[in-house]
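File shown: final-v2.pdb (PDB, C-alpha atoms).
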MODEL        1
ATOM      1  CA  MET A1489      11.092  31.746  26.000
ATOM      2  CA  LYS A1490      12.913  28.435  25.556
ATOM      3  CA  SER A1491      12.585  27.339  29.166
ATOM      4  CA  THR A1492       8.943  28.429  29.450
ATOM      5  CA  LEU A1493       8.068  26.446  26.344
ATOM      6  CA  LYS A1494       9.714  23.374  27.767
ATOM      7  CA  GLY A1495       7.910  23.857  31.067
ATOM      8  CA  SER A1496      10.950  23.071  33.158
ATOM      9  CA  ALA A1497      12.075  25.137  36.126
ATOM     10  CA  SER A1498      15.800  24.769  35.440
ATOM     11  CA  SER A1499      17.657  27.337  33.370
ATOM     12  CA  SER A1500      18.907  26.608  29.837
ATOM     13  CA  SER A1501      19.812  22.938  29.400
ATOM     14  CA  SER A1502      22.349  21.743  26.844
ATOM     15  CA  ALA A1503      19.629  20.232  24.608
ATOM     16  CA  VAL A1504      18.492  22.660  21.917
ATOM     17  CA  SER A1505      14.882  22.618  20.774
ATOM     18  CA  PRO A1506      14.539  21.559  17.110
ATOM     19  CA  VAL A1507      13.117  24.917  16.072
ATOM     20  CA  ASP A1508      16.192  26.722  17.419
ATOM     21  CA  ARG A1509      18.823  24.608  15.705
ATOM     22  CA  PRO A1510      20.667  26.362  12.850
ATOM     23  CA  LEU A1511      19.183  25.493   9.441
ATOM     24  CA  SER A1512      22.447  25.152   7.606
ATOM     25  CA  ARG A1513      23.865  22.267   9.591
ATOM     26  CA  PRO A1514      25.217  19.470   7.429
ATOM     27  CA  ARG A1515      22.997  16.683   6.139
ATOM     28  CA  THR A1516      22.702  13.680   8.417
ATOM     29  CA  GLU A1517      21.946  10.138   7.348
ATOM     30  CA  VAL A1518      19.184   7.952   8.690
ATOM     31  CA  ASN A1519      19.410   4.199   9.093
ATOM     32  CA  LEU A1520      17.615   2.521   6.177
ATOM     33  CA  SER A1521      15.970  -0.088   8.413
ATOM     34  CA  ALA A1522      14.637   2.604  10.734
ATOM     35  CA  PHE A1523      13.114   4.433   7.794
ATOM     36  CA  ALA A1524      11.727   1.204   6.309
ATOM     37  CA  PHE A1525       9.898   0.360   9.538
ATOM     38  CA  LEU A1526       8.549   3.898   9.845
ATOM     39  CA  PHE A1527       7.348   3.896   6.247
ATOM     40  CA  SER A1528       5.799   0.449   6.660
ATOM     41  CA  GLU A1529       3.855   1.733   9.647
ATOM     42  CA  LEU A1530       2.813   4.815   7.658
ATOM     43  CA  VAL A1531       1.360   2.587   4.950
ATOM     44  CA  GLN A1532      -0.409   0.363   7.465
ATOM     45  CA  TYR A1533      -1.801   3.412   9.291
ATOM     46  CA  SER A1534      -3.152   4.837   6.047
ATOM     47  CA  GLN A1535      -4.555   1.470   5.013
ATOM     48  CA  GLN A1536      -6.735   1.299   8.106
ATOM     49  CA  ARG A1537      -8.361   4.615   7.263
ATOM     50  CA  VAL A1538      -9.247   4.121   3.612
ATOM     51  CA  ALA A1539     -11.799   2.063   1.719
ATOM     52  CA  ASN A1540      -9.887   1.116  -1.403
ATOM     53  CA  VAL A1541      -6.555   1.121  -3.193
ATOM     54  CA  THR A1542      -7.009   4.468  -4.961
ATOM     55  CA  GLU A1543      -7.731   6.203  -1.677
ATOM     56  CA  LEU A1544      -4.636   4.630  -0.142
ATOM     57  CA  GLU A1545      -2.508   6.037  -2.942
ATOM     58  CA  HIS A1546      -4.085   9.474  -2.486
ATOM     59  CA  ARG A1547      -3.430   9.351   1.208
ATOM     60  CA  LEU A1548       0.241   8.489   0.713
ATOM     61  CA  GLU A1549       0.429  11.269  -1.866
ATOM     62  CA  ASP A1550      -1.026  13.759   0.623
ATOM     63  CA  VAL A1551       1.581  12.850   3.210
ATOM     64  CA  GLY A1552       4.278  13.222   0.567
ATOM     65  CA  TYR A1553       2.876  16.599  -0.513
ATOM     66  CA  ARG A1554       3.412  18.004   2.959
ATOM     67  CA  VAL A1555       6.978  16.740   2.958
ATOM     68  CA  GLY A1556       7.591  18.136  -0.523
ATOM     69  CA  SER A1557       6.520  21.705   0.162
ATOM     70  CA  ARG A1558       8.755  21.851   3.223
ATOM     71  CA  MET A1559      11.652  20.243   1.374
ATOM     72  CA  LEU A1560      11.566  22.950  -1.277
ATOM     73  CA  GLU A1561      12.013  25.700   1.327
ATOM     74  CA  LEU A1562      14.783  23.861   3.116
ATOM     75  CA  LEU A1563      16.703  22.844   0.006
ATOM     76  CA  CYS A1564      16.486  26.304  -1.537
ATOM     77  CA  PHE A1565      17.997  27.690   1.639
ATOM     78  CA  ARG A1566      20.652  25.006   2.098
ATOM     79  CA  GLU A1567      21.712  24.070  -1.408
ATOM     80  CA  LYS A1568      20.929  26.886  -3.737
ATOM     81  CA  GLY A1569      21.495  30.063  -1.749
ATOM     82  CA  ASN A1570      17.874  31.132  -2.013
ATOM     83  CA  ARG A1571      17.766  31.200  -5.810
ATOM     84  CA  ARG A1572      14.369  30.516  -7.269
ATOM     85  CA  GLU A1573      13.733  28.410 -10.346
ATOM     86  CA  THR A1574      11.499  30.076 -12.909
ATOM     87  CA  ARG A1575      12.010  27.791 -15.909
ATOM     88  CA  LEU A1576      10.581  24.330 -16.362
ATOM     89  CA  LEU A1577      13.893  22.671 -17.161
ATOM     90  CA  GLY A1578      15.427  24.339 -14.120
ATOM     91  CA  ILE A1579      12.885  22.962 -11.696
ATOM     92  CA  LEU A1580      12.990  19.552 -13.338
ATOM     93  CA  ASN A1581      16.758  19.366 -12.900
ATOM     94  CA  PHE A1582      16.358  20.553  -9.345
ATOM     95  CA  VAL A1583      13.971  17.688  -8.613
ATOM     96  CA  ASN A1584      16.075  15.202 -10.538
ATOM     97  CA  THR A1585      19.347  15.953  -8.773
ATOM     98  CA  THR A1586      19.038  18.055  -5.620
ATOM     99  CA  VAL A1587      15.799  16.667  -4.234
ATOM    100  CA  TRP A1588      16.698  13.075  -5.086
ATOM    101  CA  ARG A1589      20.178  13.427  -3.657
ATOM    102  CA  SER A1590      18.839  14.898  -0.475
ATOM    103  CA  LEU A1591      16.186  12.180  -0.113
ATOM    104  CA  PHE A1592      17.901   9.083  -1.450
ATOM    105  CA  GLY A1593      21.609   9.882  -1.531
ATOM    106  CA  LYS A1594      21.992   9.913  -5.302
ATOM    107  CA  PRO A1595      20.400  11.648  -8.311
ATOM    108  CA  ALA A1596      17.574   9.929 -10.168
ATOM    109  CA  GLU A1597      18.528   7.713 -13.049
ATOM    110  CA  SER A1598      16.851   9.473 -15.902
ATOM    111  CA  LEU A1599      14.704  12.433 -16.800
ATOM    112  CA  GLU A1600      12.732  12.185 -20.020
ATOM    113  CA  ARG A1601      10.144  14.130 -21.871
ATOM    114  CA  GLY A1602       6.925  12.321 -22.702
ATOM    115  CA  ALA A1603       6.837  11.039 -26.243
ATOM    116  CA  ASP A1604       3.150  11.635 -26.854
ATOM    117  CA  ASN A1605       2.463  14.804 -24.904
ATOM    118  CA  GLU A1606       4.363  18.058 -24.616
ATOM    119  CA  ASP A1607       3.371  18.606 -21.021
ATOM    120  CA  GLU A1608       4.498  15.253 -19.632
ATOM    121  CA  TYR A1609       7.890  14.530 -18.120
ATOM    122  CA  MET A1610       9.166  11.372 -16.463
ATOM    123  CA  ILE A1611      11.753  10.672 -13.829
ATOM    124  CA  SER A1612      12.791   7.030 -13.671
ATOM    125  CA  ASP A1613      14.679   4.977 -11.150
ATOM    126  CA  ARG A1614      15.784   1.374 -11.041
ATOM    127  CA  GLU A1615      13.863   0.921  -7.805
ATOM    128  CA  LEU A1616      12.449   3.539  -5.466
ATOM    129  CA  LEU A1617      14.081   3.367  -2.060
ATOM    130  CA  VAL A1618      10.733   3.446  -0.299
ATOM    131  CA  ASN A1619       9.630   0.360  -2.231
ATOM    132  CA  ARG A1620      12.750  -1.693  -1.566
ATOM    133  CA  PHE A1621      11.283  -4.028   1.050
ATOM    134  CA  ILE A1622       7.651  -3.905  -0.028
ATOM    135  CA  SER A1623       5.917  -6.706  -1.923
ATOM    136  CA  VAL A1624       2.409  -5.692  -2.935
ATOM    137  CA  PRO A1625      -0.050  -8.626  -2.764
ATOM    138  CA  LYS A1626      -1.951  -9.487  -5.939
ATOM    139  CA  ASP A1627      -5.316  -8.312  -4.635
ATOM    140  CA  PHE A1628      -4.056  -4.750  -4.294
ATOM    141  CA  GLY A1629      -3.773  -4.434  -8.030
ATOM    142  CA  GLU A1630      -1.669  -1.589  -9.280
ATOM    143  CA  LEU A1631      -0.855  -0.008  -5.910
ATOM    144  CA  ASN A1632       2.543   1.633  -5.842
ATOM    145  CA  CYS A1633       3.763   2.908  -2.489
ATOM    146  CA  GLY A1634       5.947   5.236  -4.525
ATOM    147  CA  ALA A1635       2.838   7.426  -4.388
ATOM    148  CA  PHE A1636       4.576   8.869  -1.333
ATOM    149  CA  VAL A1637       7.497   9.973  -3.507
ATOM    150  CA  SER A1638       5.209  11.304  -6.233
ATOM    151  CA  GLY A1639       3.503  13.330  -3.478
ATOM    152  CA  ILE A1640       6.870  14.784  -2.478
ATOM    153  CA  VAL A1641       7.552  15.760  -6.095
ATOM    154  CA  LYS A1642       4.089  17.269  -6.392
ATOM    155  CA  GLY A1643       4.658  19.300  -3.215
ATOM    156  CA  VAL A1644       7.975  20.611  -4.530
ATOM    157  CA  LEU A1645       6.572  21.488  -7.953
ATOM    158  CA  GLU A1646       3.427  23.193  -6.708
ATOM    159  CA  SER A1647       5.215  25.214  -4.071
ATOM    160  CA  ALA A1648       7.692  26.341  -6.722
ATOM    161  CA  GLY A1649       4.878  27.567  -8.942
ATOM    162  CA  PHE A1650       4.663  24.663 -11.404
ATOM    163  CA  PRO A1651       1.388  22.916 -10.571
ATOM    164  CA  ALA A1652       1.246  19.380 -11.943
ATOM    165  CA  GLN A1653      -0.400  16.016 -11.589
ATOM    166  CA  VAL A1654       2.184  13.518 -10.428
ATOM    167  CA  SER A1655       1.893   9.748 -10.219
ATOM    168  CA  ALA A1656       4.169   6.759  -9.744
ATOM    169  CA  HIS A1657       4.067   3.701 -12.014
ATOM    170  CA  PHE A1658       5.872   0.406 -12.234
ATOM    171  CA  VAL A1659       7.428   0.165 -15.682
ATOM    172  CA  PRO A1660       9.370  -3.123 -15.739
ATOM    173  CA  VAL A1661      12.077  -3.419 -18.371
ATOM    174  CA  GLU A1662      14.617  -6.083 -19.213
ATOM    175  CA  GLY A1663      16.834  -6.625 -16.172
ATOM    176  CA  GLN A1664      14.942  -4.124 -14.029
ATOM    177  CA  PRO A1665      11.687  -5.696 -12.893
ATOM    178  CA  ARG A1666      11.028  -3.016 -10.283
ATOM    179  CA  ARG A1667      11.794   0.034 -12.391
ATOM    180  CA  THR A1668       9.539   2.909 -11.366
ATOM    181  CA  THR A1669       8.625   6.042 -13.261
ATOM    182  CA  ILE A1670       7.319   9.249 -11.716
ATOM    183  CA  LEU A1671       5.067  10.858 -14.293
ATOM    184  CA  MET A1672       4.543  14.624 -14.101
ATOM    185  CA  LYS A1673       1.803  16.241 -16.132
ATOM    186  CA  PHE A1674       2.042  20.022 -15.907
ATOM    187  CA  ALA A1675      -0.945  22.345 -15.873
ATOM    188  CA  PRO A1676      -1.688  24.234 -19.138
ATOM    189  CA  ALA A1677      -0.871  27.527 -17.393
ATOM    190  CA  VAL A1678       2.667  26.319 -16.791
ATOM    191  CA  MET A1679       3.182  25.324 -20.419
ATOM    192  CA  ALA A1680       1.736  28.635 -21.615
ATOM    193  CA  ARG A1681       4.092  30.542 -19.338
ATOM    194  CA  GLU A1682       7.048  28.520 -20.628
ATOM    195  CA  GLN A1683       6.114  29.394 -24.146
ATOM    196  CA  ARG A1684       5.960  33.092 -23.282
ATOM    197  CA  LEU A1685       9.292  32.992 -21.514
ATOM    198  CA  GLY A1686      11.029  31.530 -24.496
ATOM    199  CA  GLY A1687       9.768  28.056 -25.281
ATOM    200  CA  ILE A1688      11.646  24.768 -24.960
TER     201      ILE A1688
ATOM    202  CA  MET B 356      28.237 -27.232  -3.500
ATOM    203  CA  ALA B 357      25.795 -28.642  -0.993
ATOM    204  CA  THR B 358      22.301 -29.759  -1.834
ATOM    205  CA  ILE B 359      19.674 -27.895   0.094
ATOM    206  CA  PHE B 360      16.403 -29.760   0.312
ATOM    207  CA  SER B 361      13.953 -27.450   1.967
ATOM    208  CA  LEU B 362      13.338 -24.474   4.233
ATOM    209  CA  VAL B 363      10.561 -24.274   6.783
ATOM    210  CA  ILE B 364       9.725 -21.258   8.935
ATOM    211  CA  ILE B 365       7.694 -21.795  12.106
ATOM    212  CA  ASN B 366       6.125 -18.931  14.072
ATOM    213  CA  LYS B 367       6.358 -18.633  17.825
ATOM    214  CA  SER B 368       3.131 -20.589  18.425
ATOM    215  CA  GLY B 369       4.287 -23.546  16.359
ATOM    216  CA  GLY B 370       2.323 -22.806  13.192
ATOM    217  CA  LEU B 371       3.858 -23.196   9.767
ATOM    218  CA  ILE B 372       4.274 -19.838   8.029
ATOM    219  CA  PHE B 373       6.614 -20.697   5.207
ATOM    220  CA  GLN B 374       7.629 -23.857   3.422
ATOM    221  CA  LYS B 375       9.708 -24.250   0.273
ATOM    222  CA  ASP B 376      11.189 -27.326  -1.340
ATOM    223  CA  PHE B 377      14.223 -26.804  -3.527
ATOM    224  CA  THR B 378      14.535 -30.276  -5.059
ATOM    225  CA  GLU B 379      12.099 -32.713  -6.594
ATOM    226  CA  THR B 380      12.860 -35.468  -4.081
ATOM    227  CA  ALA B 381      11.853 -33.422  -1.055
ATOM    228  CA  ARG B 382       8.291 -32.495  -2.038
ATOM    229  CA  VAL B 383       5.956 -32.537   0.954
ATOM    230  CA  ASP B 384       2.317 -31.562   0.800
ATOM    231  CA  THR B 385       1.134 -28.621   2.875
ATOM    232  CA  ASN B 386      -1.002 -30.425   5.455
ATOM    233  CA  GLU B 387       1.758 -32.896   6.180
ATOM    234  CA  ALA B 388       4.207 -30.021   6.437
ATOM    235  CA  MET B 389       1.996 -28.263   8.989
ATOM    236  CA  THR B 390       1.832 -31.403  11.134
ATOM    237  CA  GLN B 391       5.593 -31.868  10.895
ATOM    238  CA  ALA B 392       6.170 -28.249  11.832
ATOM    239  CA  SER B 393       4.099 -28.458  15.010
ATOM    240  CA  ILE B 394       5.772 -31.736  15.963
ATOM    241  CA  TRP B 395       9.163 -30.139  15.488
ATOM    242  CA  HIS B 396       8.072 -27.126  17.519
ATOM    243  CA  SER B 397       7.132 -29.368  20.468
ATOM    244  CA  LEU B 398      10.282 -31.473  20.137
ATOM    245  CA  HIS B 399      12.387 -28.334  20.139
ATOM    246  CA  ALA B 400      10.724 -27.038  23.287
ATOM    247  CA  ILE B 401      11.077 -30.374  25.099
ATOM    248  CA  SER B 402      14.740 -30.692  24.162
ATOM    249  CA  ALA B 403      15.488 -27.329  25.781
ATOM    250  CA  GLN B 404      14.007 -28.557  29.053
ATOM    251  CA  LEU B 405      15.579 -32.000  28.908
ATOM    252  CA  SER B 406      19.087 -30.650  28.654
ATOM    253  CA  PRO B 407      21.215 -31.283  31.772
ATOM    254  CA  THR B 408      23.205 -28.102  31.234
ATOM    255  CA  PRO B 409      21.512 -24.778  32.045
ATOM    256  CA  GLY B 410      21.017 -22.232  29.278
ATOM    257  CA  CYS B 411      20.196 -24.704  26.536
ATOM    258  CA  THR B 412      18.074 -23.248  23.748
ATOM    259  CA  GLY B 413      16.976 -26.421  21.991
ATOM    260  CA  ILE B 414      18.019 -28.605  19.071
ATOM    261  CA  GLU B 415      20.300 -26.873  16.597
ATOM    262  CA  LEU B 416      21.413 -29.792  14.454
ATOM    263  CA  LEU B 417      19.903 -33.174  13.650
ATOM    264  CA  GLU B 418      22.195 -35.507  11.728
ATOM    265  CA  THR B 419      21.019 -38.613   9.918
ATOM    266  CA  ASP B 420      22.383 -40.878   7.190
ATOM    267  CA  THR B 421      20.449 -39.224   4.428
ATOM    268  CA  PHE B 422      20.065 -35.614   5.534
ATOM    269  CA  ASN B 423      21.019 -32.962   8.063
ATOM    270  CA  LEU B 424      18.512 -30.685   9.702
ATOM    271  CA  HIS B 425      19.651 -27.278  10.955
ATOM    272  CA  CYS B 426      17.390 -25.240  13.199
ATOM    273  CA  PHE B 427      17.881 -21.573  14.027
ATOM    274  CA  LEU B 428      15.849 -20.074  16.845
ATOM    275  CA  ALA B 429      15.444 -16.309  16.556
ATOM    276  CA  PRO B 430      15.205 -14.238  19.761
ATOM    277  CA  THR B 431      11.523 -13.689  18.949
ATOM    278  CA  GLY B 432      10.727 -17.412  18.954
ATOM    279  CA  THR B 433      10.533 -17.829  15.178
ATOM    280  CA  LYS B 434      12.294 -21.008  14.019
ATOM    281  CA  PHE B 435      14.084 -21.419  10.713
ATOM    282  CA  VAL B 436      14.506 -25.105   9.812
ATOM    283  CA  LEU B 437      16.748 -26.051   6.903
ATOM    284  CA  THR B 438      17.209 -29.609   5.606
ATOM    285  CA  CYS B 439      20.232 -30.361   3.490
ATOM    286  CA  ALA B 440      22.506 -33.171   2.336
ATOM    287  CA  PRO B 441      24.784 -34.770   4.948
ATOM    288  CA  ARG B 442      28.188 -33.124   5.360
ATOM    289  CA  ALA B 443      26.913 -29.862   3.892
ATOM    290  CA  ALA B 444      28.986 -26.924   5.029
ATOM    291  CA  GLY B 445      28.085 -23.321   5.704
ATOM    292  CA  MET B 446      24.484 -23.969   6.681
ATOM    293  CA  GLU B 447      24.612 -21.885   9.864
ATOM    294  CA  VAL B 448      25.808 -18.926   7.823
ATOM    295  CA  LEU B 449      23.035 -19.564   5.308
ATOM    296  CA  LEU B 450      20.466 -19.596   8.096
ATOM    297  CA  GLN B 451      21.758 -16.229   9.316
ATOM    298  CA  ILE B 452      21.413 -14.850   5.796
ATOM    299  CA  ILE B 453      17.888 -16.219   5.535
ATOM    300  CA  TYR B 454      17.055 -14.590   8.863
ATOM    301  CA  GLU B 455      18.321 -11.293   7.475
ATOM    302  CA  LEU B 456      16.220 -11.714   4.329
ATOM    303  CA  TYR B 457      13.208 -12.467   6.525
ATOM    304  CA  SER B 458      13.720  -9.368   8.656
ATOM    305  CA  ASP B 459      14.157  -7.256   5.510
ATOM    306  CA  TYR B 460      11.562  -8.437   3.015
ATOM    307  CA  VAL B 461       8.919  -9.848   5.334
ATOM    308  CA  LEU B 462       9.009  -7.724   8.469
ATOM    309  CA  LYS B 463       9.400  -4.421   6.638
ATOM    310  CA  ASN B 464       6.548  -5.240   4.288
ATOM    311  CA  PRO B 465       3.460  -3.258   5.361
ATOM    312  CA  PHE B 466       1.192  -5.887   3.828
ATOM    313  CA  TYR B 467       2.485  -8.722   5.975
ATOM    314  CA  GLU B 468       0.573  -9.632   9.127
ATOM    315  CA  MET B 469       2.694 -10.982  11.952
ATOM    316  CA  GLU B 470       2.592 -14.750  12.521
ATOM    317  CA  MET B 471       0.606 -15.250   9.302
ATOM    318  CA  PRO B 472       1.788 -17.313   6.293
ATOM    319  CA  ILE B 473       4.441 -15.464   4.318
ATOM    320  CA  ARG B 474       3.357 -14.360   0.847
ATOM    321  CA  CYS B 475       6.020 -11.857  -0.166
ATOM    322  CA  ALA B 476       7.315 -12.005  -3.719
ATOM    323  CA  GLU B 477      10.549 -10.185  -2.867
ATOM    324  CA  PHE B 478      11.366 -12.627  -0.062
ATOM    325  CA  ASP B 479      10.776 -15.572  -2.412
ATOM    326  CA  SER B 480      12.966 -14.231  -5.190
ATOM    327  CA  HIS B 481      15.866 -13.204  -2.927
ATOM    328  CA  LEU B 482      15.674 -16.532  -1.092
ATOM    329  CA  LEU B 483      15.713 -18.475  -4.331
ATOM    330  CA  SER B 484      18.732 -16.626  -5.689
ATOM    331  CA  GLU B 485      20.577 -17.117  -2.393
ATOM    332  CA  ILE B 486      19.879 -20.858  -2.383
ATOM    333  CA  ARG B 487      20.746 -21.208  -6.075
ATOM    334  CA  SER B 488      24.107 -19.590  -5.508
ATOM    335  CA  ARG B 489      24.931 -22.222  -2.921
ATOM    336  CA  SER B 490      23.682 -25.501  -4.395
TER     337      SER B 490
ENDMDL
END
Could you render the structure from this file as structure tokens?
Amino acid sequence: MKSTLKGSASSSSSAVSPVDRPLSRPRTEVNLSAFAFLFSELVQYSQQRVANVTELEHRLEDVGYRVGSRMLELLCFREKGNRRETRLLGILNFVNTTVWRSLFGKPAESLERGADNEDEYMISDRELLVNRFISVPKDFGELNCGAFVSGIVKGVLESAGFPAQVSAHFVPVEGQPRRTTILMKFAPAVMAREQRLGGI
Amino acid sequence: MATIFSLVIINKSGGLIFQKDFTETARVDTNEAMTQASIWHSLHAISAQLSPTPGCTGIELLETDTFNLHCFLAPTGTKFVLTCAPRAAGMEVLLQIIYELYSDYVLKNPFYEMEMPIRCAEFDSHLLSEIRSRS
């Protein structure tokens, strides 16, 4: 099957097709510059196909969503031995530590509950890795390319059974002008289920 | 601590894409700076051809009584021109650092068009802190 797929006449070569590689191989690191150029091209590609800033953010979010749903499957297999999170705090910690560590090499800086609303939670970071080299021009307003990361989070949450609206915002504080917050607003069904299961 | 007067970045066609003065005395207005940049671009090209030794890549250092001018030519043809006080040390290293900052905060910025004037806030702030730490 392998050699027919590859279309070559020779028998098995030493190169293994990506779909045949074992899933549990150790994590590899990618060069930051290589990723930065790829992400920059992703943003430019999306920009050419949208009419305004909001659409650009949605597009980046969509791309991130696809990454997120796949990440959940892979991380559950690799890191957690196929255990499934059923509680809100569990999935939030999973996103905060495991997902962040797998994506960016270290856990997120803080996880907070929204002050005003019960169903809002926030993950904050000093500066999102994807935004490191990006300077948004003034005429793009409030665009945050961290929409890609909020899409990843949304993909993870929805595939795990915790549908939510996720967005990325710049929240500058003293000494951290590029501090970004990922805001997650969970669907009422999720909050109701949490209540039934034992409340927070 | 050397005094650094200004930094000018010239694209491969000779157009001015970035200009920043770091002291009051060195203020130059934009139109004049654009003319100076294209003159320097031509001078640089001519000097490479005038050289009697093969493999010359153009003027790297211009020394005068009142200032020194260091020029770094990137492999892509972009020129980084730094003017500083005479007898300032470590300027070649600084130019390398500035080149790194350029390749990070300008070239990896999706909102930057190649060969266009540089308007990246991150590049400005990192450049300023780098210059401040040296002068």
**Prompt:** With only C-alpha atoms as the basis for distance, which of A:Ala1677, A:Leu1548, A:Leu1562, A:Leu1591 is at the shortest distance from A:Ser1655?
**Reply:** A:Leu1548
**Request:** With a distance threshold of 6 Å and counting all atoms listed in the file, extract the residues of chain A near chain B and express them as a ChimeraX atom specification.
**Result:** /A:1525,1528,1532,1621-1623
**Request:** Check what the PyMOL selection byres ((chain A and resi 1614) around 8) selects in the file above and give those residues as a PyMOL selection string.
**Result:** chain A and resi 1597+1612-1613+1615-1616+1664+1666-1668
Go ahead and dump the residues you just picked, C-alpha atoms, as an mmCIF file, in the coordinates of the input.
data_model
loop_
_atom_site.group_PDB
_atom_site.id
_atom_site.type_symbol
_atom_site.label_atom_id
_atom_site.label_comp_id
_atom_site.auth_asym_id
_atom_site.auth_seq_id
_atom_site.Cartn_x
_atom_site.Cartn_y
_atom_site.Cartn_z
ATOM 1 C CA GLU A 1597 18.528 7.713 -13.049
ATOM 2 C CA SER A 1612 12.791 7.030 -13.671
ATOM 3 C CA ASP A 1613 14.679 4.977 -11.150
ATOM 4 C CA GLU A 1615 13.863 0.921 -7.805
ATOM 5 C CA LEU A 1616 12.449 3.539 -5.466
ATOM 6 C CA GLN A 1664 14.942 -4.124 -14.029
ATOM 7 C CA ARG A 1666 11.028 -3.016 -10.283
ATOM 8 C CA ARG A 1667 11.794 0.034 -12.391
ATOM 9 C CA THR A 1668 9.539 2.909 -11.366
#
Ground truth for the PyMOL selection byres ((chain B and resi 454) around 10), written as a PDB file with C-alpha atoms, in the coordinates of the input:
ATOM      1  CA  ILE B 364       9.725 -21.258   8.935  1.00  0.00           C
ATOM      2  CA  PHE B 427      17.881 -21.573  14.027  1.00  0.00           C
ATOM      3  CA  LEU B 428      15.849 -20.074  16.845  1.00  0.00           C
ATOM      4  CA  ALA B 429      15.444 -16.309  16.556  1.00  0.00           C
ATOM      5  CA  THR B 433      10.533 -17.829  15.178  1.00  0.00           C
ATOM      6  CA  LYS B 434      12.294 -21.008  14.019  1.00  0.00           C
ATOM      7  CA  PHE B 435      14.084 -21.419  10.713  1.00  0.00           C
ATOM      8  CA  VAL B 448      25.808 -18.926   7.823  1.00  0.00           C
ATOM      9  CA  LEU B 449      23.035 -19.564   5.308  1.00  0.00           C
ATOM     10  CA  LEU B 450      20.466 -19.596   8.096  1.00  0.00           C
ATOM     11  CA  GLN B 451      21.758 -16.229   9.316  1.00  0.00           C
ATOM     12  CA  ILE B 452      21.413 -14.850   5.796  1.00  0.00           C
ATOM     13  CA  ILE B 453      17.888 -16.219   5.535  1.00  0.00           C
ATOM     14  CA  GLU B 455      18.321 -11.293   7.475  1.00  0.00           C
ATOM     15  CA  LEU B 456      16.220 -11.714   4.329  1.00  0.00           C
ATOM     16  CA  TYR B 457      13.208 -12.467   6.525  1.00  0.00           C
ATOM     17  CA  SER B 458      13.720  -9.368   8.656  1.00  0.00           C
ATOM     18  CA  ASP B 459      14.157  -7.256   5.510  1.00  0.00           C
TER      19      ASP B 459
END
**Request:** Name the residues that the PyMOL selection byres ((chain A and resi 1637) around 12) pulls out of this structure, and write them as JSON, numbers by chain.
**Result:** {"A": [1527, 1545, 1546, 1547, 1548, 1549, 1550, 1551, 1552, 1553, 1554, 1555, 1556, 1583, 1587, 1588, 1591, 1592, 1611, 1612, 1613, 1615, 1616, 1617, 1618, 1619, 1632, 1633, 1634, 1635, 1636, 1638, 1639, 1640, 1641, 1642, 1643, 1644, 1654, 1655, 1656, 1657, 1668, 1669, 1670, 1671, 1672]}
**Request:** Enter the distance from atom CA of B:Thr419 to atom CA of B:Thr431, in Å, rounded to one decimal.
**Result:** 28.2 Å
**Prompt:** atom CA of A:Pro1651 to atom CA of A:Val1678: how many Å, to one decimal?
**Reply:**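 Taking atom CA of A:Pro1651 as the start and atom CA of A:Val1678 as the end point, the length is 7.2 Å.
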**Prompt:** Can you list, as JSON, numbers by chain, every protein, DNA or RNA residue that comes within 12 Å of stretch 384-386 of chain B when you count all atoms listed in the file, leaving out same-chain residues fewer than 3 positions away?
**Reply:** {"B": [363, 370, 371, 372, 373, 374, 375, 376, 381, 389, 390, 391, 392, 393, 472]}
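Candidate residues B:Cys426, B:Ala388, B:Ile359, B:Ala443 were compared for distance to B:Thr412, and the nearest is B:Cys426, using all atoms listed in the file.
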**Prompt:** Rounded to one decimal in Å, what is the spacing between atom CA of A:Glu1608 and atom CA of A:Lys1673?
**Reply:**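 Separation of atom CA of A:Glu1608 and atom CA of A:Lys1673: 4.5 Å.
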